[in-house]
$ cat work21.tsv   # TSV, C-alpha atoms and all ligand atoms
chain	number	residue	atom	x	y	z
A	1	MET	CA	75.31	-11.80	-83.03
A	2	ALA	CA	75.32	-8.95	-85.55
A	3	LYS	CA	76.72	-9.86	-88.94
A	4	VAL	CA	80.22	-8.50	-89.46
A	5	LEU	CA	81.28	-8.42	-93.11
A	6	TYR	CA	84.79	-8.86	-94.48
A	7	GLU	CA	86.44	-8.36	-97.88
A	8	LYS	CA	85.25	-11.72	-99.19
A	9	ASP	CA	81.60	-10.70	-98.59
A	10	ILE	CA	81.80	-7.49	-100.64
A	11	GLN	CA	81.16	-6.81	-104.34
A	12	LYS	CA	83.49	-4.12	-105.63
A	13	GLU	CA	82.01	-3.61	-109.11
A	14	VAL	CA	79.44	-1.05	-108.02
A	15	LEU	CA	82.15	1.50	-107.19
A	16	GLN	CA	84.47	0.76	-110.11
A	17	GLU	CA	84.42	3.29	-112.98
A	18	LYS	CA	83.01	5.85	-110.57
A	19	LYS	CA	84.69	9.12	-109.68
A	20	ILE	CA	84.95	9.73	-105.95
A	21	ALA	CA	85.28	13.28	-104.60
A	22	VAL	CA	86.72	13.42	-101.11
A	23	VAL	CA	85.77	16.81	-99.67
A	24	GLY	CA	88.25	17.82	-96.98
A	25	TYR	CA	91.78	16.49	-96.53
A	26	GLY	CA	92.24	16.42	-92.76
A	27	SER	CA	92.44	13.48	-90.40
A	28	GLN	CA	89.87	11.30	-92.21
A	29	GLY	CA	90.15	12.96	-95.64
A	30	HIS	CA	93.82	12.22	-96.29
A	31	ALA	CA	93.33	8.61	-95.18
A	32	HIS	CA	90.20	7.88	-97.23
A	33	ALA	CA	91.63	9.56	-100.33
A	34	GLN	CA	94.96	7.74	-100.25
A	35	ASN	CA	93.52	4.36	-99.30
A	36	LEU	CA	90.88	4.56	-102.05
A	37	ARG	CA	93.52	5.53	-104.60
A	38	ASP	CA	95.77	2.67	-103.51
A	39	SER	CA	92.74	0.37	-103.82
A	40	GLY	CA	92.48	1.41	-107.48
A	41	TYR	CA	89.74	4.04	-107.40
A	42	ASP	CA	89.57	7.36	-109.20
A	43	VAL	CA	89.75	10.04	-106.49
A	44	VAL	CA	89.67	13.85	-106.67
A	45	ILE	CA	89.78	16.24	-103.75
A	46	GLY	CA	87.46	19.18	-103.03
A	47	LEU	CA	88.93	21.95	-100.86
A	48	ARG	CA	89.29	25.64	-100.28
A	49	PRO	CA	92.74	27.16	-100.86
A	50	GLY	CA	95.04	26.60	-97.87
A	51	LYS	CA	97.16	24.12	-95.95
A	52	SER	CA	95.16	21.01	-96.74
A	53	GLN	CA	95.04	21.93	-100.41
A	54	GLU	CA	98.85	22.15	-100.52
A	55	LYS	CA	99.17	18.82	-98.75
A	56	ALA	CA	96.73	17.06	-101.08
A	57	GLU	CA	98.62	18.40	-104.09
A	58	GLN	CA	101.95	17.28	-102.61
A	59	ASP	CA	100.40	13.84	-102.20
A	60	GLY	CA	99.69	13.84	-105.92
A	61	PHE	CA	95.96	14.50	-106.02
A	62	GLU	CA	94.01	16.69	-108.38
A	63	VAL	CA	92.48	19.35	-106.15
A	64	PHE	CA	89.38	21.30	-107.17
A	65	SER	CA	87.12	23.73	-105.40
A	66	VAL	CA	84.41	21.92	-103.45
A	67	ALA	CA	81.78	22.92	-106.05
A	68	GLU	CA	83.88	21.65	-108.98
A	69	ALA	CA	84.83	18.38	-107.27
A	70	VAL	CA	81.18	17.66	-106.45
A	71	SER	CA	80.04	18.45	-109.99
A	72	VAL	CA	82.37	15.85	-111.54
A	73	ALA	CA	81.79	13.13	-108.93
A	74	ASP	CA	79.57	10.08	-108.73
A	75	VAL	CA	80.24	9.68	-105.03
A	76	VAL	CA	80.92	12.65	-102.74
A	77	MET	CA	82.40	11.84	-99.33
A	78	VAL	CA	82.04	14.79	-96.95
A	79	LEU	CA	85.05	14.88	-94.62
A	80	LEU	CA	84.80	18.44	-93.40
A	81	PRO	CA	84.64	19.24	-89.69
A	82	ASP	CA	81.09	18.45	-88.53
A	83	GLU	CA	80.47	22.06	-87.56
A	84	GLN	CA	81.41	23.32	-91.07
A	85	GLN	CA	79.36	20.83	-93.05
A	86	GLN	CA	76.06	22.70	-93.10
A	87	LYS	CA	77.60	25.90	-94.41
A	88	VAL	CA	79.73	24.23	-97.09
A	89	TYR	CA	76.90	21.90	-98.08
A	90	TYR	CA	74.47	24.74	-98.82
A	91	GLU	CA	77.10	27.02	-100.35
A	92	SER	CA	78.95	24.57	-102.57
A	93	ILE	CA	77.65	21.01	-102.52
A	94	GLN	CA	73.88	20.83	-102.90
A	95	ALA	CA	73.55	22.71	-106.20
A	96	ASN	CA	76.33	20.63	-107.77
A	97	LEU	CA	75.25	17.13	-106.76
A	98	LYS	CA	74.42	15.08	-109.85
A	99	SER	CA	71.04	13.40	-109.86
A	100	GLY	CA	71.53	9.69	-109.12
A	101	SER	CA	74.92	10.24	-107.50
A	102	ALA	CA	75.70	9.54	-103.87
A	103	ILE	CA	76.65	11.71	-100.93
A	104	ALA	CA	78.39	10.07	-98.01
A	105	PHE	CA	79.53	10.92	-94.49
A	106	ALA	CA	81.93	9.49	-91.91
A	107	HIS	CA	79.72	10.55	-89.02
A	108	GLY	CA	75.95	10.89	-89.01
A	109	PHE	CA	75.71	14.14	-87.01
A	110	ASN	CA	74.56	16.56	-89.72
A	111	ILE	CA	72.05	14.22	-91.33
A	112	HIS	CA	70.67	12.86	-88.06
A	113	PHE	CA	70.28	16.31	-86.50
A	114	SER	CA	68.84	17.77	-89.77
A	115	GLN	CA	71.65	20.26	-90.34
A	116	VAL	CA	71.97	18.91	-93.85
A	117	VAL	CA	68.85	17.82	-95.73
A	118	PRO	CA	69.92	16.16	-98.97
A	119	PRO	CA	67.80	16.20	-102.13
A	120	LEU	CA	65.56	13.23	-102.82
A	121	ASP	CA	67.37	12.11	-105.99
A	122	VAL	CA	70.71	11.02	-104.48
A	123	ASP	CA	71.83	8.06	-102.40
A	124	VAL	CA	72.95	8.97	-98.88
A	125	PHE	CA	75.22	6.62	-96.99
A	126	LEU	CA	77.60	6.48	-94.08
A	127	VAL	CA	80.99	4.84	-93.66
A	128	ALA	CA	82.26	5.64	-90.19
A	129	PRO	CA	85.68	4.25	-89.31
A	130	LYS	CA	85.92	3.39	-85.64
A	131	GLY	CA	89.32	4.93	-85.21
A	132	PRO	CA	91.38	8.08	-85.78
A	133	GLY	CA	92.08	9.05	-89.39
A	134	HIS	CA	95.82	8.69	-89.05
A	135	LEU	CA	95.36	5.06	-88.06
A	136	VAL	CA	92.97	4.52	-90.98
A	137	ARG	CA	95.94	5.33	-93.20
A	138	ARG	CA	98.70	3.71	-91.16
A	139	THR	CA	96.90	0.39	-90.69
A	140	TYR	CA	96.00	0.29	-94.41
A	141	GLU	CA	99.66	0.68	-95.33
A	142	GLU	CA	100.48	-2.15	-92.93
A	143	GLY	CA	98.01	-4.41	-94.73
A	144	ALA	CA	95.44	-4.14	-91.96
A	145	GLY	CA	92.52	-1.77	-91.37
A	146	VAL	CA	90.33	0.04	-88.87
A	147	PRO	CA	86.80	-1.41	-88.52
A	148	ALA	CA	83.90	0.72	-89.72
A	149	LEU	CA	80.16	1.05	-89.45
A	150	TYR	CA	78.13	1.55	-92.62
A	151	GLY	CA	74.56	2.66	-93.03
A	152	VAL	CA	72.07	3.95	-95.56
A	153	PHE	CA	69.85	6.99	-95.04
A	154	GLN	CA	68.44	7.21	-98.54
A	155	ASP	CA	68.56	4.68	-101.37
A	156	VAL	CA	67.33	5.96	-104.74
A	157	THR	CA	69.47	3.82	-107.03
A	158	GLY	CA	68.91	0.55	-105.21
A	159	ASN	CA	72.69	0.34	-104.82
A	160	ALA	CA	73.33	2.51	-101.77
A	161	LYS	CA	74.19	-0.38	-99.46
A	162	GLU	CA	76.52	-1.99	-102.00
A	163	LEU	CA	78.19	1.38	-102.57
A	164	ALA	CA	78.75	1.83	-98.84
A	165	LEU	CA	80.23	-1.65	-98.60
A	166	ALA	CA	82.52	-1.18	-101.59
A	167	TYR	CA	83.64	2.15	-100.15
A	168	SER	CA	84.39	0.49	-96.79
A	169	GLN	CA	86.42	-2.08	-98.63
A	170	GLY	CA	88.28	0.64	-100.54
A	171	ILE	CA	89.47	2.35	-97.36
A	172	GLY	CA	90.61	-0.96	-95.88
A	173	ALA	CA	87.90	-1.21	-93.24
A	174	ALA	CA	86.64	-4.57	-94.49
A	175	ARG	CA	89.98	-6.11	-93.57
A	176	ALA	CA	89.02	-5.48	-89.94
A	177	GLY	CA	85.25	-5.93	-90.29
A	178	VAL	CA	82.29	-3.73	-91.17
A	179	LEU	CA	78.96	-3.71	-89.41
A	180	GLU	CA	75.61	-2.31	-90.52
A	181	THR	CA	74.12	0.54	-88.54
A	182	SER	CA	71.71	3.46	-88.95
A	183	PHE	CA	72.64	7.15	-88.98
A	184	GLN	CA	70.87	7.45	-85.63
A	185	GLU	CA	72.74	4.59	-83.98
A	186	GLU	CA	76.12	5.67	-85.34
A	187	THR	CA	75.61	9.29	-84.30
A	188	GLU	CA	74.39	8.56	-80.80
A	189	THR	CA	76.88	5.81	-79.99
A	190	ASP	CA	79.82	7.74	-81.48
A	191	LEU	CA	79.01	10.85	-79.45
A	192	PHE	CA	78.44	8.79	-76.32
A	193	GLY	CA	81.65	6.81	-76.74
A	194	GLU	CA	83.84	9.86	-77.21
A	195	GLN	CA	82.18	11.81	-74.40
A	196	ALA	CA	81.71	9.23	-71.68
A	197	VAL	CA	84.49	6.73	-72.33
A	198	LEU	CA	87.17	7.33	-74.94
A	199	CYS	CA	87.91	11.04	-74.69
A	200	GLY	CA	85.93	12.68	-71.89
A	201	GLY	CA	85.88	9.62	-69.62
A	202	VAL	CA	89.56	8.79	-70.01
A	203	THR	CA	90.90	12.35	-69.70
A	204	SER	CA	88.80	12.98	-66.59
A	205	LEU	CA	89.90	9.69	-65.05
A	206	ILE	CA	93.58	10.40	-65.76
A	207	LYS	CA	93.39	13.94	-64.39
A	208	ALA	CA	91.49	12.89	-61.26
A	209	GLY	CA	94.08	10.20	-60.55
A	210	PHE	CA	96.98	12.59	-61.14
A	211	GLU	CA	95.43	15.29	-58.93
A	212	THR	CA	94.66	12.82	-56.14
A	213	LEU	CA	98.31	11.75	-56.00
A	214	THR	CA	99.87	15.22	-56.30
A	215	GLU	CA	97.45	16.74	-53.77
A	216	ALA	CA	98.55	13.99	-51.38
A	217	GLY	CA	102.15	15.20	-51.78
A	218	TYR	CA	103.52	12.66	-54.25
A	219	GLN	CA	105.89	13.84	-57.00
A	220	PRO	CA	104.10	15.01	-60.17
A	221	GLU	CA	106.57	13.04	-62.31
A	222	VAL	CA	105.67	9.83	-60.50
A	223	ALA	CA	101.97	10.65	-60.81
A	224	TYR	CA	102.41	11.32	-64.54
A	225	PHE	CA	104.06	7.96	-65.21
A	226	GLU	CA	101.45	6.21	-63.12
A	227	CYS	CA	98.30	7.80	-64.50
A	228	MET	CA	99.16	8.91	-68.05
A	229	HIS	CA	102.19	7.16	-69.51
A	230	GLU	CA	101.24	3.68	-68.38
A	231	MET	CA	97.71	4.07	-69.72
A	232	LYS	CA	98.92	3.29	-73.24
A	233	LEU	CA	100.68	0.14	-72.16
A	234	ILE	CA	97.52	-1.10	-70.44
A	235	VAL	CA	95.28	-0.08	-73.35
A	236	ASP	CA	97.50	-2.00	-75.81
A	237	LEU	CA	96.88	-5.16	-73.78
A	238	LEU	CA	93.14	-4.48	-73.73
A	239	TYR	CA	93.14	-3.90	-77.49
A	240	GLU	CA	95.01	-7.11	-78.16
A	241	GLY	CA	93.14	-9.48	-75.88
A	242	GLY	CA	90.42	-7.81	-73.86
A	243	LEU	CA	90.16	-7.57	-70.09
A	244	GLU	CA	91.39	-11.14	-69.63
A	245	ASN	CA	94.63	-10.50	-71.53
A	246	MET	CA	95.34	-7.30	-69.62
A	247	ARG	CA	94.68	-9.06	-66.32
A	248	TYR	CA	96.88	-11.97	-67.35
A	249	SER	CA	99.77	-9.57	-67.82
A	250	ILE	CA	99.45	-7.50	-64.64
A	251	SER	CA	100.37	-8.82	-61.19
A	252	ASP	CA	97.77	-10.63	-59.11
A	253	THR	CA	98.02	-7.75	-56.66
A	254	ALA	CA	97.05	-5.33	-59.42
A	255	GLN	CA	94.25	-7.63	-60.52
A	256	TRP	CA	92.84	-7.89	-56.99
A	257	GLY	CA	93.02	-4.07	-56.73
A	258	ASP	CA	91.23	-3.83	-60.07
A	259	PHE	CA	88.42	-6.05	-58.76
A	260	VAL	CA	87.93	-4.39	-55.38
A	261	SER	CA	88.72	-0.72	-56.13
A	262	GLY	CA	87.68	-0.18	-59.77
A	263	PRO	CA	83.97	-0.42	-58.95
A	264	ARG	CA	84.46	2.04	-56.05
A	265	VAL	CA	85.67	4.67	-58.54
A	266	VAL	CA	83.39	3.97	-61.47
A	267	ASN	CA	80.14	2.90	-59.83
A	268	ASP	CA	76.35	3.06	-60.17
A	269	GLU	CA	76.50	6.80	-59.65
A	270	THR	CA	78.98	7.15	-62.53
A	271	LYS	CA	76.72	4.99	-64.65
A	272	ALA	CA	73.75	7.20	-63.83
A	273	ARG	CA	75.80	10.22	-65.03
A	274	MET	CA	76.64	8.30	-68.20
A	275	LYS	CA	72.94	7.75	-68.75
A	276	ASP	CA	72.37	11.53	-68.39
A	277	VAL	CA	75.04	12.13	-71.02
A	278	LEU	CA	73.34	9.62	-73.33
A	279	THR	CA	69.93	11.20	-72.77
A	280	ASP	CA	71.28	14.66	-73.68
A	281	ILE	CA	72.69	13.18	-76.88
A	282	GLN	CA	69.46	11.36	-77.75
A	283	LYS	CA	67.32	14.47	-77.15
A	284	GLY	CA	69.54	16.67	-79.31
A	285	GLU	CA	70.62	18.79	-76.31
A	286	PHE	CA	74.31	18.12	-76.90
A	287	ALA	CA	73.97	18.85	-80.63
A	288	LYS	CA	72.14	22.10	-79.96
A	289	GLY	CA	74.81	23.25	-77.51
A	290	TRP	CA	77.63	22.45	-79.93
A	291	ILE	CA	75.90	24.15	-82.87
A	292	LEU	CA	75.25	27.31	-80.79
A	293	GLU	CA	78.80	27.27	-79.39
A	294	ASN	CA	80.10	27.38	-82.97
A	295	GLN	CA	77.68	30.13	-83.97
A	296	ALA	CA	78.97	32.18	-81.03
A	297	GLY	CA	82.60	31.78	-82.19
A	298	ARG	CA	83.52	29.05	-79.66
A	299	PRO	CA	84.06	31.19	-76.52
A	300	GLN	CA	83.72	28.27	-74.12
A	301	PHE	CA	85.59	25.76	-76.27
A	302	ASN	CA	88.59	28.08	-76.54
A	303	ALA	CA	88.60	29.06	-72.87
A	304	ILE	CA	88.48	25.45	-71.67
A	305	ASN	CA	91.07	24.36	-74.22
A	306	ALA	CA	93.53	27.04	-73.02
A	307	GLN	CA	92.91	26.05	-69.41
A	308	GLU	CA	93.41	22.36	-70.09
A	309	ASN	CA	96.70	22.93	-71.89
A	310	LYS	CA	98.05	24.58	-68.73
A	311	HIS	CA	97.16	21.69	-66.41
A	312	GLN	CA	100.15	20.41	-64.44
A	313	ILE	CA	99.84	16.96	-66.01
A	314	GLU	CA	100.49	18.64	-69.37
A	315	THR	CA	103.47	20.76	-68.29
A	316	VAL	CA	105.11	17.83	-66.50
A	317	GLY	CA	104.24	15.50	-69.37
A	318	ARG	CA	105.86	17.73	-71.99
A	319	GLU	CA	109.13	17.74	-70.06
A	320	LEU	CA	109.14	14.00	-69.47
A	321	ARG	CA	108.25	13.11	-73.05
A	322	ASP	CA	111.10	15.29	-74.32
A	323	LEU	CA	113.42	12.95	-72.43
A	324	MET	CA	111.89	9.87	-74.06
A	325	PRO	CA	112.90	10.19	-77.72
A	326	PHE	CA	111.11	6.93	-78.58
A	327	VAL	CA	107.80	8.56	-77.68
A	328	LYS	CA	106.92	10.25	-80.94
A	329	ASN	CA	104.92	13.41	-80.26
A	330	PRO	CA	103.35	14.77	-83.45
A	331	LEU	CA	102.91	18.12	-81.66
A	332	HIS	CA	106.57	18.39	-80.74
A	333	GLY	CA	107.48	22.07	-80.89
A	334	LYS	CA	103.97	23.08	-81.99
A	335	GLN	CA	101.76	22.84	-78.90
A	336	ASN	CA	98.02	22.58	-78.94
A	337	LYS	CA	95.65	19.93	-80.01
A	338	GLN	CA	96.59	16.80	-81.89
A	339	LYS	CA	94.07	15.95	-84.59
A	340	ASP	CA	92.77	12.47	-84.60
B	401	LIG	P1	89.61	17.66	-89.91
B	401	LIG	O1	89.35	18.86	-89.09
B	401	LIG	O2	90.80	16.82	-89.60
B	401	LIG	O3	89.72	18.06	-91.45
B	401	LIG	C1	88.81	18.88	-92.02
B	401	LIG	C2	89.19	19.17	-93.47
B	401	LIG	O4	88.17	20.01	-94.03
B	401	LIG	C3	90.51	19.92	-93.63
B	401	LIG	O5	91.16	19.42	-94.77
B	401	LIG	C4	90.08	21.36	-93.84
B	401	LIG	O6	90.96	22.07	-94.69
B	401	LIG	C5	88.78	21.17	-94.60
B	401	LIG	N1	87.86	22.29	-94.43
B	401	LIG	C6	87.47	22.88	-93.29
B	401	LIG	N2	86.60	23.87	-93.54
B	401	LIG	C7	86.47	23.91	-94.89
B	401	LIG	C8	85.72	24.72	-95.77
B	401	LIG	N3	84.93	25.71	-95.30
B	401	LIG	N4	85.80	24.48	-97.11
B	401	LIG	C9	86.59	23.50	-97.58
B	401	LIG	N5	87.34	22.69	-96.78
B	401	LIG	C10	87.27	22.91	-95.48
B	401	LIG	O7	88.28	16.76	-89.87
B	401	LIG	P2	88.14	15.23	-89.46
B	401	LIG	O8	88.83	14.39	-90.47
B	401	LIG	O9	88.46	15.05	-88.01
B	401	LIG	O10	86.55	15.01	-89.57
B	401	LIG	C11	85.91	14.82	-90.81
B	401	LIG	C12	84.67	13.97	-90.57
B	401	LIG	O11	85.07	12.66	-90.17
B	401	LIG	C13	83.74	14.47	-89.49
B	401	LIG	O12	82.42	14.19	-89.88
B	401	LIG	C14	84.11	13.62	-88.28
B	401	LIG	O13	83.07	13.46	-87.33
B	401	LIG	C15	84.39	12.30	-88.97
B	401	LIG	N6	85.22	11.38	-88.22
B	401	LIG	C16	86.43	11.80	-87.76
B	401	LIG	C17	87.26	10.94	-87.10
B	401	LIG	C18	88.66	11.33	-86.79
B	401	LIG	O14	89.46	10.45	-86.63
B	401	LIG	N7	89.01	12.62	-86.74
B	401	LIG	C19	86.83	9.56	-86.76
B	401	LIG	C20	85.59	9.16	-87.41
B	401	LIG	C21	84.81	10.08	-88.08
B	401	LIG	P3	91.77	23.39	-94.24
B	401	LIG	O15	93.20	22.97	-94.11
B	401	LIG	O16	91.55	24.31	-95.40
B	401	LIG	O17	91.17	23.89	-92.97
B	402	MG	MG	84.26	8.02	-83.18
B	403	MG	MG	83.09	11.35	-83.33

$ encode --input "work21.tsv" --output "structure tokens"
Amino acid sequence: MAKVLYEKDIQKEVLQEKKIAVVGYGSQGHAHAQNLRDSGYDVVIGLRPGKSQEKAEQDGFEVFSVAEAVSVADVVMVLLPDEQQQKVYYESIQANLKSGSAIAFAHGFNIHFSQVVPPLDVDVFLVAPKGPGHLVRRTYEEGAGVPALYGVFQDVTGNAKELALAYSQGIGAARAGVLETSFQEETETDLFGEQAVLCGGVTSLIKAGFETLTEAGYQPEVAYFECMHEMKLIVDLLYEGGLENMRYSISDTAQWGDFVSGPRVVNDETKARMKDVLTDIQKGEFAKGWILENQAGRPQFNAINAQENKHQIETVGRELRDLMPFVKNPLHGKQNKQKD
């Protein structure tokens, strides 16, 4: 079994006395910055003027331009959107990186697909939390953490791995466990997970179930509760105790249905499609498409997003959630995409 490291396995000294610049203050940025500060580290923020800058200042951070933050830092964590990293890196980061400092990422995309090629005199490491940024913060405050992968792309000081581990500890990830990986493995598995299972797989499964029921004449509200609302309750049981715990909690009828019908829906054909998705990721096809989509101003992304927001499961869901005040919707009154 792979070696999972916890707080007791990690030396913190290597990161103490160092200044950490967190570049970006979005989903991951606000969580890393606040957790590191609460863990006793010296953190500054690098940003452009705007919403995030105001938020970081309200949260009590010193906010600099990206170039200034990088120039004073010993460790630069890049928490910009993946599709912005190349531009900001070449405009404001590269020329200001101190020799012998470290640049770090929370996802390997730009390094692995050569969108960012760092100089040869800095350490390059990865600390990729396996969870949404808002949970990286919330779990830290609760005394827990979100697990993370760490990896080293370039080690010039001989300390890159220790730095990555200390950083993981600083954001609370080592409370949950950290596991060594490479930029390649993190990038490919992260993209695959979000596309085939966590985001793409789950949303497609939910919508297909909802459409099957409503097209058969059942009430959309019933279909919503069945296919969307209850998903969270089931996923909580999976998170807490795996398949066995979930199956312990459901009725034997549901468990028998799980055994005989699940594999009829997600079958060898589905798995073959998953393999196609993985192959596209491994060959850089997915990356190329996403990079070009951004260069074109996101025509397809925006069109699909608008379409998806109009799906009946969304219109029915908004109405039903409004009647369940205990369901906290961070988008209440704002519409559009929740960042996580
Ligand atoms: P967000 O979109 O939530 O935040 C991006 C931040 O970057 C914002 O503060 C934004 O500020 C700032 N920003 C955007 N463009 C610029 C620019 N040109 N110059 C300066 N600042 C800019 O990003 P995420 O936190 O989702 O993602 C950050 C990284 O973390 C990515 O590599 C992602 O793959 C990785 N990751 C994300 C996870 C998640 O939970 N979201 C999970 C694991 C890894 P402004 O308000 O000015 O736009
Ligand atoms: Mg991920
Ligand atoms: Mg990802």

$ closest_residue --input "work21.tsv" --among "A:Glu17, A:Asp322, A:Asp59, A:Glu185" --to "Gln282 in chain A" --atoms "all atoms listed in the file"
A:Glu185

$ residues_near_ligand --input "work21.tsv" --ligand "ligand LIG 401 (chain B)" --cutoff "9 Å" --atoms "all atoms listed in the file" --output "NGL selection string"
:A and (23-31 or 46-56 or 65-66 or 78-85 or 87-88 or 92 or 105-110 or 127-136 or 148 or 190 or 339-340)

$ closest_residue --input "work21.tsv" --among "A:Asn305, A:Gln11, A:Thr189, A:Thr315" --to "Thr279 in chain A" --atoms "only C-alpha atoms"
A:Thr189

$ atom_distance --input "work21.tsv" --atom1 "CA of Tyr218 in chain A" --atom2 "CA of Val197 in chain A"
26.9 Å

$ atom_distance --input "work21.tsv" --atom1 "CA of Val63 in chain A" --atom2 "CA of Asp123 in chain A"
23.8 Å

$ closest_residue --input "work21.tsv" --among "A:Leu238, A:Ile250, A:Leu198, A:Ile111" --to "Glu186 in chain A" --atoms "all atoms listed in the file"
A:Ile111

$ closest_residue --input "work21.tsv" --among "A:Phe61, A:Lys12, A:Glu188, A:Gly241" --to "ligand MG 402 (chain B)" --atoms "all atoms listed in the file"
A:Glu188

$ closest_residue --input "work21.tsv" --among "A:Cys199, A:Ala164, A:Met274, A:Ala174" --to "ligand MG 402 (chain B)" --atoms "only C-alpha atoms and all ligand atoms"
A:Cys199
